[in-house]
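Undergrad: Structure file query19.pdb (PDB, C-alpha atoms) right here:
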ATOM      1  CA  GLN A  18     -25.081   2.122  -8.513  1.00  0.00           C
ATOM      2  CA  VAL A  19     -22.447   4.070  -6.584  1.00  0.00           C
ATOM      3  CA  GLN A  20     -19.963   6.455  -8.133  1.00  0.00           C
ATOM      4  CA  LEU A  21     -16.862   7.611  -6.256  1.00  0.00           C
ATOM      5  CA  VAL A  22     -14.972  10.732  -7.279  1.00  0.00           C
ATOM      6  CA  GLU A  23     -11.658  11.561  -5.620  1.00  0.00           C
ATOM      7  CA  SER A  24     -10.079  14.989  -5.501  1.00  0.00           C
ATOM      8  CA  GLY A  25      -7.209  16.819  -3.850  1.00  0.00           C
ATOM      9  CA  GLY A  26      -4.197  14.883  -5.022  1.00  0.00           C
ATOM     10  CA  GLY A  27      -1.040  16.616  -6.166  1.00  0.00           C
ATOM     11  CA  LEU A  28       2.642  17.234  -5.611  1.00  0.00           C
ATOM     12  CA  VAL A  29       3.952  18.020  -2.138  1.00  0.00           C
ATOM     13  CA  GLN A  30       7.389  18.167  -0.570  1.00  0.00           C
ATOM     14  CA  ALA A  31       8.475  15.657   2.026  1.00  0.00           C
ATOM     15  CA  GLY A  32       7.287  16.690   5.441  1.00  0.00           C
ATOM     16  CA  GLY A  33       4.306  18.492   3.992  1.00  0.00           C
ATOM     17  CA  SER A  34       0.599  17.861   4.290  1.00  0.00           C
ATOM     18  CA  LEU A  35      -2.218  17.108   1.887  1.00  0.00           C
ATOM     19  CA  THR A  36      -5.894  16.240   2.232  1.00  0.00           C
ATOM     20  CA  ILE A  37      -7.687  14.139  -0.337  1.00  0.00           C
ATOM     21  CA  SER A  38     -11.442  13.757  -0.569  1.00  0.00           C
ATOM     22  CA  CYS A  39     -13.910  11.337  -2.049  1.00  0.00           C
ATOM     23  CA  ALA A  40     -17.548  11.998  -2.835  1.00  0.00           C
ATOM     24  CA  ALA A  41     -19.875   9.017  -3.130  1.00  0.00           C
ATOM     25  CA  SER A  42     -23.073   9.328  -5.081  1.00  0.00           C
ATOM     26  CA  ALA A  43     -25.290   6.492  -3.953  1.00  0.00           C
ATOM     27  CA  SER A  44     -28.813   6.542  -5.268  1.00  0.00           C
ATOM     28  CA  ASN A  45     -30.922   3.822  -3.649  1.00  0.00           C
ATOM     29  CA  PHE A  46     -27.992   2.482  -1.603  1.00  0.00           C
ATOM     30  CA  ARG A  47     -26.823   3.042   1.947  1.00  0.00           C
ATOM     31  CA  ILE A  48     -23.064   3.452   2.266  1.00  0.00           C
ATOM     32  CA  GLY A  49     -21.344   1.410   4.948  1.00  0.00           C
ATOM     33  CA  ALA A  50     -17.593   1.269   5.406  1.00  0.00           C
ATOM     34  CA  MET A  51     -15.406   3.599   3.363  1.00  0.00           C
ATOM     35  CA  GLY A  52     -11.683   3.692   2.988  1.00  0.00           C
ATOM     36  CA  TRP A  53      -8.542   4.620   1.165  1.00  0.00           C
ATOM     37  CA  TYR A  54      -6.116   2.302  -0.562  1.00  0.00           C
ATOM     38  CA  ARG A  55      -2.991   3.121  -2.520  1.00  0.00           C
ATOM     39  CA  GLN A  56      -0.821   1.639  -5.210  1.00  0.00           C
ATOM     40  CA  GLY A  57       2.736   2.823  -5.581  1.00  0.00           C
ATOM     41  CA  PRO A  58       4.994   2.220  -8.587  1.00  0.00           C
ATOM     42  CA  GLY A  59       5.607  -1.491  -8.961  1.00  0.00           C
ATOM     43  CA  ASN A  60       3.550  -2.325  -5.891  1.00  0.00           C
ATOM     44  CA  GLN A  61       0.255  -4.003  -5.234  1.00  0.00           C
ATOM     45  CA  ARG A  62      -2.704  -2.027  -4.005  1.00  0.00           C
ATOM     46  CA  GLU A  63      -2.599  -1.791  -0.230  1.00  0.00           C
ATOM     47  CA  LEU A  64      -4.893  -0.613   2.528  1.00  0.00           C
ATOM     48  CA  VAL A  65      -4.217   2.836   3.937  1.00  0.00           C
ATOM     49  CA  ALA A  66      -7.184   3.454   6.223  1.00  0.00           C
ATOM     50  CA  THR A  67     -10.824   2.508   6.637  1.00  0.00           C
ATOM     51  CA  ILE A  68     -13.708   3.971   8.595  1.00  0.00           C
ATOM     52  CA  THR A  69     -17.060   2.448   9.445  1.00  0.00           C
ATOM     53  CA  ARG A  70     -20.319   4.311   9.328  1.00  0.00           C
ATOM     54  CA  GLY A  71     -20.111   4.562  13.101  1.00  0.00           C
ATOM     55  CA  GLY A  72     -16.652   6.129  12.949  1.00  0.00           C
ATOM     56  CA  ALA A  73     -14.411   3.224  13.911  1.00  0.00           C
ATOM     57  CA  THR A  74     -11.087   3.546  12.113  1.00  0.00           C
ATOM     58  CA  ASN A  75      -8.293   1.246  11.044  1.00  0.00           C
ATOM     59  CA  TYR A  76      -4.892   2.292   9.711  1.00  0.00           C
ATOM     60  CA  ALA A  77      -1.945   0.637   8.063  1.00  0.00           C
ATOM     61  CA  ASP A  78       1.050   0.608  10.403  1.00  0.00           C
ATOM     62  CA  SER A  79       3.013   2.711   7.927  1.00  0.00           C
ATOM     63  CA  VAL A  80       0.628   5.672   8.258  1.00  0.00           C
ATOM     64  CA  LYS A  81      -0.415   5.492  11.903  1.00  0.00           C
ATOM     65  CA  GLY A  82       0.132   8.800  13.634  1.00  0.00           C
ATOM     66  CA  ARG A  83       0.517  10.661  10.330  1.00  0.00           C
ATOM     67  CA  PHE A  84      -2.756  10.116   8.457  1.00  0.00           C
ATOM     68  CA  THR A  85      -6.314  10.687   9.660  1.00  0.00           C
ATOM     69  CA  ILE A  86      -9.420   9.357   7.973  1.00  0.00           C
ATOM     70  CA  SER A  87     -12.800  10.965   8.535  1.00  0.00           C
ATOM     71  CA  ARG A  88     -16.215  10.997   6.911  1.00  0.00           C
ATOM     72  CA  ASP A  89     -19.419  12.942   6.586  1.00  0.00           C
ATOM     73  CA  ASN A  90     -22.287  10.464   6.566  1.00  0.00           C
ATOM     74  CA  ALA A  91     -24.866  13.038   5.530  1.00  0.00           C
ATOM     75  CA  LYS A  92     -22.918  13.889   2.390  1.00  0.00           C
ATOM     76  CA  ASN A  93     -21.302  10.469   1.822  1.00  0.00           C
ATOM     77  CA  TRP A  94     -17.858  11.993   1.738  1.00  0.00           C
ATOM     78  CA  VAL A  95     -14.658  10.504   3.088  1.00  0.00           C
ATOM     79  CA  TYR A  96     -11.427  12.391   3.689  1.00  0.00           C
ATOM     80  CA  LEU A  97      -7.813  11.483   4.256  1.00  0.00           C
ATOM     81  CA  GLN A  98      -5.630  14.066   5.938  1.00  0.00           C
ATOM     82  CA  MET A  99      -1.986  13.232   5.366  1.00  0.00           C
ATOM     83  CA  ASN A 100       0.746  14.844   7.454  1.00  0.00           C
ATOM     84  CA  SER A 101       4.504  14.362   7.581  1.00  0.00           C
ATOM     85  CA  LEU A 102       4.435  12.952   4.081  1.00  0.00           C
ATOM     86  CA  LYS A 103       7.344  10.850   2.885  1.00  0.00           C
ATOM     87  CA  PRO A 104       8.514   9.979  -0.629  1.00  0.00           C
ATOM     88  CA  GLY A 105       7.380   6.424   0.112  1.00  0.00           C
ATOM     89  CA  ASP A 106       3.807   7.706   0.322  1.00  0.00           C
ATOM     90  CA  THR A 107       3.899   8.449  -3.409  1.00  0.00           C
ATOM     91  CA  ALA A 108       1.093   6.464  -4.998  1.00  0.00           C
ATOM     92  CA  VAL A 109      -2.272   6.559  -6.670  1.00  0.00           C
ATOM     93  CA  TYR A 110      -4.811   6.742  -3.857  1.00  0.00           C
ATOM     94  CA  TYR A 111      -8.116   4.981  -4.406  1.00  0.00           C
ATOM     95  CA  CYS A 112     -11.360   5.585  -2.553  1.00  0.00           C
ATOM     96  CA  ASN A 113     -13.378   2.520  -1.610  1.00  0.00           C
ATOM     97  CA  ALA A 114     -16.978   2.249  -0.454  1.00  0.00           C
ATOM     98  CA  GLN A 115     -19.197  -0.638   0.461  1.00  0.00           C
ATOM     99  CA  THR A 116     -22.969  -0.627   0.362  1.00  0.00           C
ATOM    100  CA  ILE A 117     -25.200  -2.195   2.967  1.00  0.00           C
ATOM    101  CA  ALA A 118     -27.854  -4.801   2.088  1.00  0.00           C
ATOM    102  CA  PRO A 119     -27.120  -5.679  -0.575  1.00  0.00           C
ATOM    103  CA  TYR A 120     -23.360  -5.687  -0.209  1.00  0.00           C
ATOM    104  CA  TYR A 121     -21.415  -4.229  -3.104  1.00  0.00           C
ATOM    105  CA  ASN A 122     -17.863  -2.948  -3.261  1.00  0.00           C
ATOM    106  CA  TYR A 123     -16.958   0.137  -5.283  1.00  0.00           C
ATOM    107  CA  TRP A 124     -13.734   1.894  -6.271  1.00  0.00           C
ATOM    108  CA  GLY A 125     -12.946   5.395  -7.416  1.00  0.00           C
ATOM    109  CA  GLN A 126     -10.727   6.190 -10.370  1.00  0.00           C
ATOM    110  CA  GLY A 127      -7.794   7.202  -8.169  1.00  0.00           C
ATOM    111  CA  THR A 128      -5.931  10.409  -7.453  1.00  0.00           C
ATOM    112  CA  GLN A 129      -2.167  10.779  -7.724  1.00  0.00           C
ATOM    113  CA  VAL A 130      -0.173  11.868  -4.684  1.00  0.00           C
ATOM    114  CA  THR A 131       3.497  12.576  -5.304  1.00  0.00           C
ATOM    115  CA  VAL A 132       5.889  13.399  -2.481  1.00  0.00           C
ATOM    116  CA  SER A 133       9.209  14.887  -3.532  1.00  0.00           C
ATOM    117  CA  SER A 134      12.347  14.570  -1.437  1.00  0.00           C
TER     118      SER A 134
END
Show me the file's structure as structure tokens.
TA:
Amino acid sequence: QVQLVESGGGLVQAGGSLTISCAASASNFRIGAMGWYRQGPGNQRELVATITRGGATNYADSVKGRFTISRDNAKNWVYLQMNSLKPGDTAVYYCNAQTIAPYYNYWGQGTQVTVSS
């Protein structure tokens, strides 16, 4: 079983920065890829960024150059540093983690990020 707990969400003005974090507790499992997804009002959940255990990253076009994903493999934490935030970034941000052998997919409960204009 893997539990994901996000933290760091909140209200920020447009142009500001925010970092959100996710701690994965993974007894008896090895964590592979981790990532962040978001769901804005009236929208479907969409990929924001992912990072492999080896550090390879992938970003949605809408956040490239503004957001940075990173992780601490020893602690099973993943971070999302968000700069130059826009009102369109307002969403619930969900942490995602996948386990290795066997493969399971886990989600956090979400953390709200609100960007005011």
Undergrad: Leaving out Asn45 (chain A) and any residue of its chain fewer than 4 positions from it, which residues lie within 10 Å of it when counting all atoms listed in the file, given as a CSV table (one decimal) with C-alpha atoms, in the coordinates of the input?
TA:
chain,number,residue,atom,x,y,z
A,18,GLN,CA,-25.1,2.1,-8.5
A,19,VAL,CA,-22.4,4.1,-6.6
A,116,THR,CA,-23.0,-0.6,0.4
Undergrad: Could you name the residues that touch Tyr123 (chain A) at 12 Å or less, counting all atoms listed in the file, but leaving out those on the same chain fewer than 2 positions away, as a list in words?
TA: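 Result of the neighbour search: Gln18, Val19, Gln20, Leu21, Val22, Ala41, Ser42, Ala43, Phe46, Ile48, Gly49, Ala50, Met51, Gly52, Trp53, Tyr111, Cys112, Asn113, Ala114, Gln115, Thr116, Ile117, Tyr120, Tyr121, Gly125, Gln126 and Gly127 of chain A.
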Undergrad: Mind telling me what the PyMOL selection byres ((chain A and resi 87) around 7) catches here, as a PDB file with C-alpha atoms, in the coordinates of the input?
TA:
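Dumped to out11.pdb:
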ATOM      1  CA  THR A  85      -6.314  10.687   9.660  1.00  0.00           C
ATOM      2  CA  ILE A  86      -9.420   9.357   7.973  1.00  0.00           C
ATOM      3  CA  ARG A  88     -16.215  10.997   6.911  1.00  0.00           C
ATOM      4  CA  VAL A  95     -14.658  10.504   3.088  1.00  0.00           C
ATOM      5  CA  TYR A  96     -11.427  12.391   3.689  1.00  0.00           C
ATOM      6  CA  LEU A  97      -7.813  11.483   4.256  1.00  0.00           C
TER       7      LEU A  97
END
Undergrad: Apply the PyMOL selection byres ((chain A and resi 27) around 12) to the structure shown and report the selected residues as a short mmCIF file (atom, residue, chain, number, x, y, z; two decimals) with C-alpha atoms, in the frame of the given file.
TA:
data_model
loop_
_atom_site.label_atom_id
_atom_site.label_comp_id
_atom_site.auth_asym_id
_atom_site.auth_seq_id
_atom_site.Cartn_x
_atom_site.Cartn_y
_atom_site.Cartn_z
CA GLU A 23 -11.66 11.56 -5.62
CA SER A 24 -10.08 14.99 -5.50
CA GLY A 25 -7.21 16.82 -3.85
CA GLY A 26 -4.20 14.88 -5.02
CA LEU A 28 2.64 17.23 -5.61
CA VAL A 29 3.95 18.02 -2.14
CA GLN A 30 7.39 18.17 -0.57
CA GLY A 33 4.31 18.49 3.99
CA SER A 34 0.60 17.86 4.29
CA LEU A 35 -2.22 17.11 1.89
CA THR A 36 -5.89 16.24 2.23
CA ILE A 37 -7.69 14.14 -0.34
CA THR A 107 3.90 8.45 -3.41
CA ALA A 108 1.09 6.46 -5.00
CA VAL A 109 -2.27 6.56 -6.67
CA TYR A 110 -4.81 6.74 -3.86
CA GLY A 127 -7.79 7.20 -8.17
CA THR A 128 -5.93 10.41 -7.45
CA GLN A 129 -2.17 10.78 -7.72
CA VAL A 130 -0.17 11.87 -4.68
CA THR A 131 3.50 12.58 -5.30
CA VAL A 132 5.89 13.40 -2.48
CA SER A 133 9.21 14.89 -3.53
#
Undergrad: Report, in Å with one decimal, the straight-line distance from CA of Arg55 (chain A) to CA of Ile68 (chain A).
TA: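 We find that CA of Arg55 (chain A) and CA of Ile68 (chain A) lie 15.5 Å from each other.
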Undergrad: Find the residue from A:Thr74, A:Gly82, A:Asp106, A:Asp89 that sits nearest to Ala40 (chain A); use only C-alpha atoms when measuring.
TA: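 Nearest candidate to Ala40 (chain A) out of A:Thr74, A:Gly82, A:Asp106, A:Asp89: A:Asp89.
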Undergrad: One decimal, in Å: what's the spacing between CA of Ala118 (chain A) and CA of Arg47 (chain A)?
TA: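 Value for the CA of Ala118 (chain A)-CA of Arg47 (chain A) distance: 7.9 Å.
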Undergrad: Could you state the separation of CA of Arg62 (chain A) and CA of Gly105 (chain A) in Å, given to one decimal place?
TA: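 Separation of CA of Arg62 (chain A) and CA of Gly105 (chain A): 13.8 Å.
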Undergrad: Which centre and edge lengths in Å to one decimal define the box along x, y and z that fits every listed atom of region 83-87 of chain A plus 8 Å per side, as JSON?
TA:
{"center_x": -6.1, "center_y": 10.2, "center_z": 9.2, "size_x": 29.3, "size_y": 17.6, "size_z": 18.4}
Undergrad: My list of candidates is A:Gly32, A:Lys92, A:Asn75, A:Phe84. Which is closest to Pro104 (chain A) when distances are computed with only C-alpha atoms?
TA: A:Gly32
Undergrad: Calculated over all atoms listed in the file, which of the candidates A:Trp124, A:Arg83, A:Thr67, A:Gln61 has the smallest distance to Lys103 (chain A)?
TA: A:Arg83
